[in-house]
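**Q** File follows, coords21.txt with compact mmCIF, C-alpha atoms and all ligand atoms:
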# COMPACT_ATOMS: atom_id res chain seq x y z
CA MET A 168 -23.12 -80.74 12.19
CA GLU A 169 -26.73 -80.32 13.21
CA ASN A 170 -28.71 -83.52 12.73
CA ARG A 171 -30.85 -82.87 9.66
CA GLN A 172 -29.86 -85.97 7.78
CA SER A 173 -32.47 -88.51 8.68
CA TRP A 174 -34.09 -88.88 5.28
CA THR A 175 -34.35 -91.79 2.90
CA LEU A 176 -34.23 -91.10 -0.81
CA TRP A 177 -35.92 -94.11 -2.37
CA PHE A 178 -35.11 -94.60 -6.05
CA ILE A 179 -37.63 -96.49 -8.16
CA GLY A 180 -37.16 -97.65 -11.73
CA LEU A 181 -36.50 -100.37 -14.23
CA HIS A 182 -33.09 -101.99 -14.60
CA GLY A 183 -30.93 -99.67 -16.65
CA SER A 184 -33.15 -96.65 -16.01
CA GLY A 185 -30.31 -94.83 -14.19
CA LYS A 186 -30.84 -95.43 -10.46
CA THR A 187 -27.23 -96.40 -9.72
CA THR A 188 -25.78 -93.65 -11.91
CA ILE A 189 -27.84 -90.84 -10.37
CA SER A 190 -27.85 -92.08 -6.79
CA SER A 191 -24.08 -92.55 -6.68
CA ARG A 192 -23.54 -89.09 -8.15
CA ILE A 193 -25.88 -87.57 -5.54
CA ALA A 194 -24.09 -89.49 -2.78
CA ASP A 195 -20.71 -88.13 -3.98
CA ILE A 196 -22.00 -84.56 -4.01
CA LEU A 197 -23.57 -84.81 -0.56
CA ARG A 198 -20.48 -86.48 0.92
CA LYS A 199 -18.35 -83.63 -0.44
CA LYS A 200 -20.64 -81.30 1.52
CA GLY A 201 -19.67 -83.27 4.64
CA MET A 202 -22.86 -85.30 4.96
CA GLU A 203 -22.74 -88.88 6.11
CA ILE A 204 -24.57 -90.94 3.51
CA VAL A 205 -25.38 -94.63 3.42
CA LEU A 206 -25.83 -95.77 -0.16
CA LEU A 207 -27.78 -99.01 -0.52
CA ASP A 208 -27.55 -100.33 -4.04
CA GLY A 209 -30.00 -103.05 -5.05
CA ASP A 210 -27.74 -105.95 -5.95
CA GLU A 211 -25.20 -105.33 -3.19
CA VAL A 212 -27.75 -105.03 -0.41
CA ARG A 213 -29.52 -108.11 -1.70
CA LYS A 214 -26.35 -110.18 -1.24
CA SER A 215 -26.09 -109.15 2.39
CA ILE A 216 -29.63 -109.09 3.78
CA SER A 217 -31.62 -111.17 1.30
CA SER A 218 -29.27 -113.87 0.04
CA ASP A 219 -32.00 -116.37 0.99
CA LEU A 220 -34.49 -114.80 -1.45
CA GLY A 221 -35.13 -115.10 -5.16
CA TYR A 222 -36.75 -112.73 -7.61
CA SER A 223 -40.41 -113.74 -7.53
CA LEU A 224 -42.86 -110.97 -6.73
CA GLU A 225 -43.35 -112.36 -3.24
CA ASP A 226 -39.61 -112.53 -2.55
CA ARG A 227 -39.09 -109.06 -3.97
CA ASN A 228 -41.73 -107.68 -1.63
CA ILE A 229 -40.06 -109.33 1.35
CA HIS A 230 -36.70 -107.97 0.24
CA MET A 231 -38.13 -104.46 -0.11
CA GLN A 232 -39.59 -104.68 3.40
CA ARG A 233 -36.17 -105.60 4.78
CA VAL A 234 -34.56 -102.70 2.92
CA ALA A 235 -37.24 -100.31 4.23
CA ASP A 236 -36.72 -101.50 7.81
CA LEU A 237 -32.97 -101.05 7.42
CA CYS A 238 -33.45 -97.52 6.04
CA SER A 239 -35.67 -96.67 8.97
CA ARG A 240 -33.11 -97.89 11.51
CA LEU A 241 -30.31 -95.96 9.83
CA ASN A 242 -32.47 -92.82 9.68
CA ASN A 243 -33.20 -93.19 13.38
CA GLU A 244 -29.44 -93.11 13.98
CA GLY A 245 -29.30 -89.82 12.08
CA LYS A 246 -27.92 -91.19 8.84
CA MET A 247 -29.25 -90.17 5.48
CA VAL A 248 -29.93 -93.16 3.25
CA ILE A 249 -30.01 -93.39 -0.51
CA ALA A 250 -31.67 -96.63 -1.57
CA ALA A 251 -31.33 -97.51 -5.24
CA VAL A 252 -33.65 -100.49 -5.39
CA ALA A 253 -36.02 -101.25 -8.24
CA SER A 254 -39.09 -101.42 -5.96
CA PRO A 255 -41.48 -102.65 -8.66
CA THR A 256 -44.72 -102.84 -6.69
CA GLU A 257 -46.94 -100.25 -5.03
CA LYS A 258 -47.24 -102.70 -2.13
CA SER A 259 -43.51 -102.48 -1.43
CA ARG A 260 -43.53 -98.70 -1.71
CA ASP A 261 -46.55 -98.41 0.58
CA TYR A 262 -44.75 -100.51 3.16
CA ALA A 263 -41.64 -98.34 2.88
CA LYS A 264 -43.69 -95.17 3.15
CA LYS A 265 -45.18 -96.37 6.42
CA ALA A 266 -41.90 -97.69 7.81
CA ILE A 267 -39.79 -94.63 6.98
CA LYS A 268 -40.63 -91.32 8.60
CA ASN A 269 -38.83 -89.01 6.19
CA PHE A 270 -39.40 -90.73 2.89
CA PHE A 271 -38.69 -89.12 -0.49
CA THR A 272 -39.37 -91.10 -3.66
CA VAL A 273 -37.41 -90.56 -6.85
CA TYR A 274 -38.93 -92.18 -9.91
CA VAL A 275 -36.18 -92.70 -12.45
CA LYS A 276 -38.35 -92.97 -15.51
CA CYS A 277 -37.18 -94.48 -18.76
CA PRO A 278 -39.07 -96.52 -21.39
CA LEU A 279 -38.44 -100.25 -21.29
CA GLU A 280 -37.18 -100.24 -24.91
CA ILE A 281 -34.45 -97.76 -24.03
CA CYS A 282 -33.43 -99.58 -20.85
CA GLU A 283 -33.26 -102.72 -22.92
CA LYS A 284 -31.16 -101.03 -25.56
CA ARG A 285 -28.76 -99.76 -22.88
CA ASP A 286 -28.62 -103.27 -21.38
CA VAL A 287 -25.90 -102.15 -18.96
CA LYS A 288 -25.31 -105.62 -17.51
CA GLY A 289 -26.47 -107.76 -20.43
CA HIS A 290 -29.36 -109.03 -18.31
CA TYR A 291 -32.18 -108.01 -20.68
CA LYS A 292 -30.68 -110.19 -23.37
CA LYS A 293 -30.54 -113.13 -20.98
CA ALA A 294 -34.13 -112.50 -19.89
CA ARG A 295 -35.33 -112.38 -23.51
CA LEU A 296 -33.50 -115.62 -24.22
CA GLY A 297 -35.24 -117.14 -21.21
CA GLU A 298 -31.99 -118.02 -19.45
CA LYS A 299 -32.25 -119.76 -16.13
CA GLY A 300 -32.33 -117.31 -13.24
CA PHE A 301 -33.82 -114.54 -15.38
CA GLU A 302 -37.43 -115.79 -15.46
CA HIS A 303 -38.59 -113.01 -13.14
CA PHE A 304 -36.72 -110.18 -14.76
CA LEU A 305 -38.35 -106.85 -14.13
CA GLY A 306 -40.24 -105.46 -17.13
CA ILE A 307 -40.15 -108.83 -18.89
CA GLY A 308 -41.13 -111.64 -16.53
CA ILE A 309 -42.53 -109.30 -13.90
CA ARG A 310 -44.60 -106.21 -14.43
CA PHE A 311 -43.25 -102.90 -13.24
CA GLU A 312 -45.99 -100.83 -11.60
CA GLU A 313 -45.56 -97.12 -12.27
CA PRO A 314 -45.38 -95.25 -8.96
CA LYS A 315 -48.53 -93.21 -8.42
CA ASN A 316 -47.24 -90.25 -6.45
CA PRO A 317 -43.46 -90.00 -6.57
CA ASP A 318 -41.91 -86.87 -5.06
CA ILE A 319 -39.97 -86.34 -8.25
CA VAL A 320 -39.77 -87.89 -11.71
CA LEU A 321 -36.45 -87.89 -13.56
CA GLU A 322 -36.80 -88.78 -17.23
CA THR A 323 -33.42 -90.20 -18.13
CA SER A 324 -34.23 -90.78 -21.80
CA LYS A 325 -34.82 -87.03 -22.19
CA TYR A 326 -32.29 -85.39 -19.91
CA ALA A 327 -28.58 -85.93 -19.30
CA VAL A 328 -27.25 -87.30 -16.01
CA GLU A 329 -26.09 -83.91 -14.71
CA GLU A 330 -29.43 -82.31 -15.55
CA CYS A 331 -31.30 -85.00 -13.60
CA VAL A 332 -28.88 -84.60 -10.68
CA GLY A 333 -29.37 -80.81 -10.71
CA VAL A 334 -33.16 -81.09 -10.73
CA LEU A 335 -33.08 -83.56 -7.85
CA LEU A 336 -30.77 -81.39 -5.74
CA GLY A 337 -33.06 -78.41 -6.42
CA LYS A 338 -36.10 -80.34 -5.24
CA MET A 339 -34.27 -81.52 -2.13
CA LYS A 340 -33.50 -77.89 -1.25
CA GLU A 341 -37.10 -76.89 -1.91
CA ARG A 342 -38.30 -79.63 0.45
CA ASN A 343 -35.76 -78.58 3.06
CA ILE A 344 -33.91 -81.91 2.89
CA LEU A 345 -30.84 -79.88 2.03
CA ARG A 346 -29.96 -76.32 2.75
P1 LIG A 401 -30.00 -98.94 -12.86
O1 LIG A 401 -29.22 -98.70 -11.60
O2 LIG A 401 -31.33 -98.26 -12.84
O3 LIG A 401 -30.11 -100.38 -13.23
P2 LIG A 401 -27.68 -97.82 -14.20
O4 LIG A 401 -27.46 -96.50 -13.52
O5 LIG A 401 -26.81 -98.96 -13.79
O6 LIG A 401 -29.23 -98.21 -14.07
O7 LIG A 401 -27.54 -97.63 -15.77
C1 LIG A 401 -28.09 -96.54 -16.48
C2 LIG A 401 -27.36 -96.35 -17.80
O8 LIG A 401 -28.00 -95.30 -18.53
C3 LIG A 401 -25.90 -95.95 -17.60
O9 LIG A 401 -25.12 -96.55 -18.60
C4 LIG A 401 -25.95 -94.43 -17.79
O10 LIG A 401 -24.73 -93.90 -18.27
C5 LIG A 401 -27.03 -94.29 -18.85
N1 LIG A 401 -27.74 -92.99 -18.82
C6 LIG A 401 -27.99 -92.22 -19.90
N2 LIG A 401 -28.63 -91.10 -19.56
C7 LIG A 401 -28.80 -91.14 -18.23
C8 LIG A 401 -29.40 -90.24 -17.28
N3 LIG A 401 -29.95 -89.09 -17.64
N4 LIG A 401 -29.41 -90.62 -15.99
C9 LIG A 401 -28.87 -91.79 -15.60
N5 LIG A 401 -28.27 -92.68 -16.43
C10 LIG A 401 -28.24 -92.35 -17.75
Produce structure tokens that represent the structure in this file.

**A**
Amino acid sequence: MENRQSWTLWFIGLHGSGKTTISSRIADILRKKGMEIVLLDGDEVRKSISSDLGYSLEDRNIHMQRVADLCSRLNNEGKMVIAAVASPTEKSRDYAKKAIKNFFTVYVKCPLEICEKRDVKGHYKKARLGEKGFEHFLGIGIRFEEPKNPDIVLETSKYAVEECVGVLLGKMKERNILR
């Protein structure tokens, strides 16, 4: 296959907004098309490259820089990367934008109240109760900065998973990321 895969799709959003759900669905679809995809999911990648870091804003920014550098290296080897990391600050996104040549940002938008209601992992409850280790929980202990110019916004409180996936695939074709 011709090498057209060196893009990073960078998913931004609160916990429970739908980053993992949509990114893994997109990865499945693209793999079925024969594309080689590296899927970097926030918590997993943290364990491997940032196990020395915590969740303060400073540590999160360092973690995001490491993820961005990793994406860039994988892209340079011709691999398409899907990074489902919360990326709460404009600073971290600006760094990623500079580090990654073919950078496409997906803002998975969902109101905090709805993410909290979904509470997929039960972490919001722990953060509200002030449990140890959850002091810097995104949206509660740490402010989430809305991305200023994402390439696409997927509103997961308004549209179903498959609709969001369809809109994203359409945009990727429009931008020539996919044929
Ligand atoms: P994140 O990775 O952002 O923390 P998850 O993907 O783990 O979020 O969780 C999102 C939750 O919201 C899942 O339970 C998913 O089924 C649900 N959900 C409802 N509507 C959507 C949608 N349109 N897109 C993505 N997830 C959705």

**Q** Quick one: contact table of chain A to ligand LIG 401 (chain A), 10 Å max, nearest atom pair and distance in Å to one decimal per residue, counting only C-alpha atoms and all ligand atoms, chain and number order, as a Markdown table?

**A**
| residue | atom | partner | partner_atom | distance |
| --- | --- | --- | --- | --- |
| A:Phe178 | CA | A:LIG401 | O2 | 8.6 |
| A:Ile179 | CA | A:LIG401 | O2 | 8.0 |
| A:Gly180 | CA | A:LIG401 | O2 | 6.0 |
| A:Leu181 | CA | A:LIG401 | O2 | 5.8 |
| A:His182 | CA | A:LIG401 | O3 | 3.7 |
| A:Gly183 | CA | A:LIG401 | O6 | 3.4 |
| A:Ser184 | CA | A:LIG401 | O2 | 4.0 |
| A:Gly185 | CA | A:LIG401 | O4 | 3.4 |
| A:Lys186 | CA | A:LIG401 | O2 | 3.7 |
| A:Thr187 | CA | A:LIG401 | O1 | 3.6 |
| A:Thr188 | CA | A:LIG401 | O4 | 3.7 |
| A:Ile189 | CA | A:LIG401 | C9 | 5.4 |
| A:Ser190 | CA | A:LIG401 | O4 | 8.1 |
| A:Ser191 | CA | A:LIG401 | O4 | 8.6 |
| A:Arg192 | CA | A:LIG401 | C9 | 9.5 |
| A:Asp208 | CA | A:LIG401 | O1 | 7.9 |
| A:Gly209 | CA | A:LIG401 | O1 | 7.9 |
| A:Asp210 | CA | A:LIG401 | O1 | 9.3 |
| A:Ala251 | CA | A:LIG401 | O1 | 6.8 |
| A:Val252 | CA | A:LIG401 | O1 | 7.8 |
| A:Ala253 | CA | A:LIG401 | O2 | 7.2 |
| A:Val275 | CA | A:LIG401 | O2 | 7.4 |
| A:Lys276 | CA | A:LIG401 | O2 | 9.2 |
| A:Cys277 | CA | A:LIG401 | C8 | 9.0 |
| A:Ile281 | CA | A:LIG401 | O8 | 8.8 |
| A:Cys282 | CA | A:LIG401 | O8 | 7.3 |
| A:Lys284 | CA | A:LIG401 | O8 | 9.6 |
| A:Arg285 | CA | A:LIG401 | O8 | 6.3 |
| A:Asp286 | CA | A:LIG401 | C2 | 7.9 |
| A:Val287 | CA | A:LIG401 | O9 | 5.7 |
| A:Lys288 | CA | A:LIG401 | O5 | 7.8 |
| A:Leu321 | CA | A:LIG401 | N3 | 7.8 |
| A:Glu322 | CA | A:LIG401 | N3 | 6.9 |
| A:Thr323 | CA | A:LIG401 | N3 | 3.7 |
| A:Ser324 | CA | A:LIG401 | N2 | 6.0 |
| A:Lys325 | CA | A:LIG401 | N3 | 7.0 |
| A:Tyr326 | CA | A:LIG401 | N3 | 4.9 |
| A:Ala327 | CA | A:LIG401 | N3 | 3.8 |
| A:Val328 | CA | A:LIG401 | N3 | 3.6 |
| A:Glu329 | CA | A:LIG401 | N3 | 7.1 |
| A:Glu330 | CA | A:LIG401 | N3 | 7.1 |
| A:Cys331 | CA | A:LIG401 | N3 | 5.9 |
| A:Val332 | CA | A:LIG401 | N4 | 8.0 |

**Q** Taking all atoms of range 251-257 of chain A that appear in the file, build a box with edges along x, y and z, extend it by 8 Å on every side, and state its centre and edge lengths in Å to one decimal, as AutoDock Vina command-line options.

**A**
--center_x -39.1 --center_y -100.2 --center_z -6.8 --size_x 31.6 --size_y 21.3 --size_z 19.6

**Q** So, counting all atoms listed in the file, which residue among A:His230, A:Lys199, A:Arg260, A:Lys292 is closest to Lys214 in chain A?

**A**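 Once distances to Lys214 in chain A are computed over all atoms listed in the file, the minimum belongs to A:His230.
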
**Q** Closest to Ile307 in chain A among A:Met339, A:Leu279, A:Val334, A:Ile204, using all atoms listed in the file?

**A**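 Of all the options, A:Leu279 lies closest to Ile307 in chain A.
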
**Q** With all atoms listed in the file as the atoms that count, which of A:Arg240, A:Trp177, A:Glu302, A:Lys338 lies nearest to Ser259 in chain A?

**A**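 Selected residue with least distance to Ser259 in chain A: A:Trp177.
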
**Q** Please rebuild range 171-207 of chain A with N, CA and C atoms and return the result as a PDB file, in the frame of the given file.

**A**
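The result, written out as rebuild_33.pdb:
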ATOM      1  N   ARG A 171     -29.727 -83.108  10.570  1.00  0.00           N
ATOM      2  CA  ARG A 171     -30.850 -82.870   9.660  1.00  0.00           C
ATOM      3  C   ARG A 171     -30.844 -83.954   8.583  1.00  0.00           C
ATOM      4  N   GLN A 172     -30.152 -85.037   8.872  1.00  0.00           N
ATOM      5  CA  GLN A 172     -29.860 -85.970   7.780  1.00  0.00           C
ATOM      6  C   GLN A 172     -30.776 -87.184   7.711  1.00  0.00           C
ATOM      7  N   SER A 173     -31.754 -87.251   8.584  1.00  0.00           N
ATOM      8  CA  SER A 173     -32.470 -88.510   8.680  1.00  0.00           C
ATOM      9  C   SER A 173     -33.580 -88.668   7.630  1.00  0.00           C
ATOM     10  N   TRP A 174     -33.171 -88.663   6.394  1.00  0.00           N
ATOM     11  CA  TRP A 174     -34.090 -88.880   5.280  1.00  0.00           C
ATOM     12  C   TRP A 174     -33.681 -90.132   4.520  1.00  0.00           C
ATOM     13  N   THR A 175     -34.657 -90.737   3.874  1.00  0.00           N
ATOM     14  CA  THR A 175     -34.350 -91.790   2.900  1.00  0.00           C
ATOM     15  C   THR A 175     -34.808 -91.315   1.530  1.00  0.00           C
ATOM     16  N   LEU A 176     -33.871 -91.334   0.595  1.00  0.00           N
ATOM     17  CA  LEU A 176     -34.230 -91.100  -0.810  1.00  0.00           C
ATOM     18  C   LEU A 176     -34.392 -92.480  -1.424  1.00  0.00           C
ATOM     19  N   TRP A 177     -35.589 -92.758  -1.902  1.00  0.00           N
ATOM     20  CA  TRP A 177     -35.920 -94.110  -2.370  1.00  0.00           C
ATOM     21  C   TRP A 177     -36.066 -94.064  -3.895  1.00  0.00           C
ATOM     22  N   PHE A 178     -35.103 -94.637  -4.586  1.00  0.00           N
ATOM     23  CA  PHE A 178     -35.110 -94.600  -6.050  1.00  0.00           C
ATOM     24  C   PHE A 178     -35.891 -95.787  -6.613  1.00  0.00           C
ATOM     25  N   ILE A 179     -36.768 -95.473  -7.546  1.00  0.00           N
ATOM     26  CA  ILE A 179     -37.630 -96.490  -8.160  1.00  0.00           C
ATOM     27  C   ILE A 179     -37.377 -96.481  -9.664  1.00  0.00           C
ATOM     28  N   GLY A 180     -37.294 -97.641 -10.270  1.00  0.00           N
ATOM     29  CA  GLY A 180     -37.160 -97.650 -11.730  1.00  0.00           C
ATOM     30  C   GLY A 180     -36.724 -98.990 -12.267  1.00  0.00           C
ATOM     31  N   LEU A 181     -36.894 -99.142 -13.549  1.00  0.00           N
ATOM     32  CA  LEU A 181     -36.500-100.370 -14.230  1.00  0.00           C
ATOM     33  C   LEU A 181     -34.983-100.566 -14.187  1.00  0.00           C
ATOM     34  N   HIS A 182     -34.529-101.763 -14.461  1.00  0.00           N
ATOM     35  CA  HIS A 182     -33.090-101.990 -14.600  1.00  0.00           C
ATOM     36  C   HIS A 182     -32.584-101.170 -15.780  1.00  0.00           C
ATOM     37  N   GLY A 183     -31.508-100.479 -15.565  1.00  0.00           N
ATOM     38  CA  GLY A 183     -30.930 -99.670 -16.650  1.00  0.00           C
ATOM     39  C   GLY A 183     -31.577 -98.299 -16.791  1.00  0.00           C
ATOM     40  N   SER A 184     -32.499 -97.963 -15.895  1.00  0.00           N
ATOM     41  CA  SER A 184     -33.150 -96.650 -16.010  1.00  0.00           C
ATOM     42  C   SER A 184     -32.197 -95.537 -15.558  1.00  0.00           C
ATOM     43  N   GLY A 185     -31.271 -95.854 -14.640  1.00  0.00           N
ATOM     44  CA  GLY A 185     -30.310 -94.830 -14.190  1.00  0.00           C
ATOM     45  C   GLY A 185     -30.249 -94.640 -12.686  1.00  0.00           C
ATOM     46  N   LYS A 186     -30.818 -95.566 -11.919  1.00  0.00           N
ATOM     47  CA  LYS A 186     -30.840 -95.430 -10.460  1.00  0.00           C
ATOM     48  C   LYS A 186     -29.418 -95.377  -9.875  1.00  0.00           C
ATOM     49  N   THR A 187     -28.594 -96.337 -10.270  1.00  0.00           N
ATOM     50  CA  THR A 187     -27.230 -96.400  -9.720  1.00  0.00           C
ATOM     51  C   THR A 187     -26.440 -95.158 -10.136  1.00  0.00           C
ATOM     52  N   THR A 188     -26.552 -94.791 -11.396  1.00  0.00           N
ATOM     53  CA  THR A 188     -25.780 -93.650 -11.910  1.00  0.00           C
ATOM     54  C   THR A 188     -26.132 -92.374 -11.145  1.00  0.00           C
ATOM     55  N   ILE A 189     -27.428 -92.094 -11.019  1.00  0.00           N
ATOM     56  CA  ILE A 189     -27.840 -90.840 -10.370  1.00  0.00           C
ATOM     57  C   ILE A 189     -27.626 -90.902  -8.869  1.00  0.00           C
ATOM     58  N   SER A 190     -27.968 -92.016  -8.253  1.00  0.00           N
ATOM     59  CA  SER A 190     -27.850 -92.080  -6.790  1.00  0.00           C
ATOM     60  C   SER A 190     -26.385 -91.993  -6.360  1.00  0.00           C
ATOM     61  N   SER A 191     -25.477 -92.612  -7.110  1.00  0.00           N
ATOM     62  CA  SER A 191     -24.080 -92.550  -6.680  1.00  0.00           C
ATOM     63  C   SER A 191     -23.517 -91.146  -6.892  1.00  0.00           C
ATOM     64  N   ARG A 192     -23.976 -90.480  -7.912  1.00  0.00           N
ATOM     65  CA  ARG A 192     -23.540 -89.090  -8.150  1.00  0.00           C
ATOM     66  C   ARG A 192     -24.053 -88.175  -7.022  1.00  0.00           C
ATOM     67  N   ILE A 193     -25.308 -88.363  -6.643  1.00  0.00           N
ATOM     68  CA  ILE A 193     -25.880 -87.570  -5.540  1.00  0.00           C
ATOM     69  C   ILE A 193     -25.107 -87.859  -4.245  1.00  0.00           C
ATOM     70  N   ALA A 194     -24.825 -89.129  -4.000  1.00  0.00           N
ATOM     71  CA  ALA A 194     -24.090 -89.490  -2.780  1.00  0.00           C
ATOM     72  C   ALA A 194     -22.722 -88.811  -2.762  1.00  0.00           C
ATOM     73  N   ASP A 195     -22.030 -88.799  -3.890  1.00  0.00           N
ATOM     74  CA  ASP A 195     -20.710 -88.130  -3.980  1.00  0.00           C
ATOM     75  C   ASP A 195     -20.827 -86.651  -3.628  1.00  0.00           C
ATOM     76  N   ILE A 196     -21.826 -86.009  -4.224  1.00  0.00           N
ATOM     77  CA  ILE A 196     -22.000 -84.560  -4.010  1.00  0.00           C
ATOM     78  C   ILE A 196     -22.303 -84.277  -2.538  1.00  0.00           C
ATOM     79  N   LEU A 197     -23.186 -85.058  -1.955  1.00  0.00           N
ATOM     80  CA  LEU A 197     -23.570 -84.810  -0.560  1.00  0.00           C
ATOM     81  C   LEU A 197     -22.407 -85.120   0.395  1.00  0.00           C
ATOM     82  N   ARG A 198     -21.638 -86.142   0.070  1.00  0.00           N
ATOM     83  CA  ARG A 198     -20.480 -86.480   0.920  1.00  0.00           C
ATOM     84  C   ARG A 198     -19.450 -85.347   0.870  1.00  0.00           C
ATOM     85  N   LYS A 199     -19.296 -84.760  -0.319  1.00  0.00           N
ATOM     86  CA  LYS A 199     -18.350 -83.630  -0.440  1.00  0.00           C
ATOM     87  C   LYS A 199     -18.809 -82.447   0.399  1.00  0.00           C
ATOM     88  N   LYS A 200     -20.108 -82.370   0.652  1.00  0.00           N
ATOM     89  CA  LYS A 200     -20.640 -81.300   1.520  1.00  0.00           C
ATOM     90  C   LYS A 200     -20.459 -81.664   2.991  1.00  0.00           C
ATOM     91  N   GLY A 201     -19.919 -82.849   3.255  1.00  0.00           N
ATOM     92  CA  GLY A 201     -19.670 -83.270   4.640  1.00  0.00           C
ATOM     93  C   GLY A 201     -20.789 -84.101   5.232  1.00  0.00           C
ATOM     94  N   MET A 202     -21.755 -84.499   4.416  1.00  0.00           N
ATOM     95  CA  MET A 202     -22.860 -85.300   4.960  1.00  0.00           C
ATOM     96  C   MET A 202     -22.486 -86.773   4.989  1.00  0.00           C
ATOM     97  N   GLU A 203     -22.991 -87.439   6.017  1.00  0.00           N
ATOM     98  CA  GLU A 203     -22.740 -88.880   6.110  1.00  0.00           C
ATOM     99  C   GLU A 203     -23.884 -89.598   5.398  1.00  0.00           C
ATOM    100  N   ILE A 204     -23.544 -90.317   4.354  1.00  0.00           N
ATOM    101  CA  ILE A 204     -24.570 -90.940   3.510  1.00  0.00           C
ATOM    102  C   ILE A 204     -24.371 -92.454   3.497  1.00  0.00           C
ATOM    103  N   VAL A 205     -25.456 -93.185   3.636  1.00  0.00           N
ATOM    104  CA  VAL A 205     -25.380 -94.630   3.420  1.00  0.00           C
ATOM    105  C   VAL A 205     -26.061 -94.911   2.089  1.00  0.00           C
ATOM    106  N   LEU A 206     -25.300 -95.471   1.172  1.00  0.00           N
ATOM    107  CA  LEU A 206     -25.830 -95.770  -0.160  1.00  0.00           C
ATOM    108  C   LEU A 206     -26.129 -97.269  -0.230  1.00  0.00           C
ATOM    109  N   LEU A 207     -27.396 -97.595  -0.416  1.00  0.00           N
ATOM    110  CA  LEU A 207     -27.780 -99.010  -0.520  1.00  0.00           C
ATOM    111  C   LEU A 207     -28.126 -99.286  -1.971  1.00  0.00           C
TER     112      LEU A 207
END
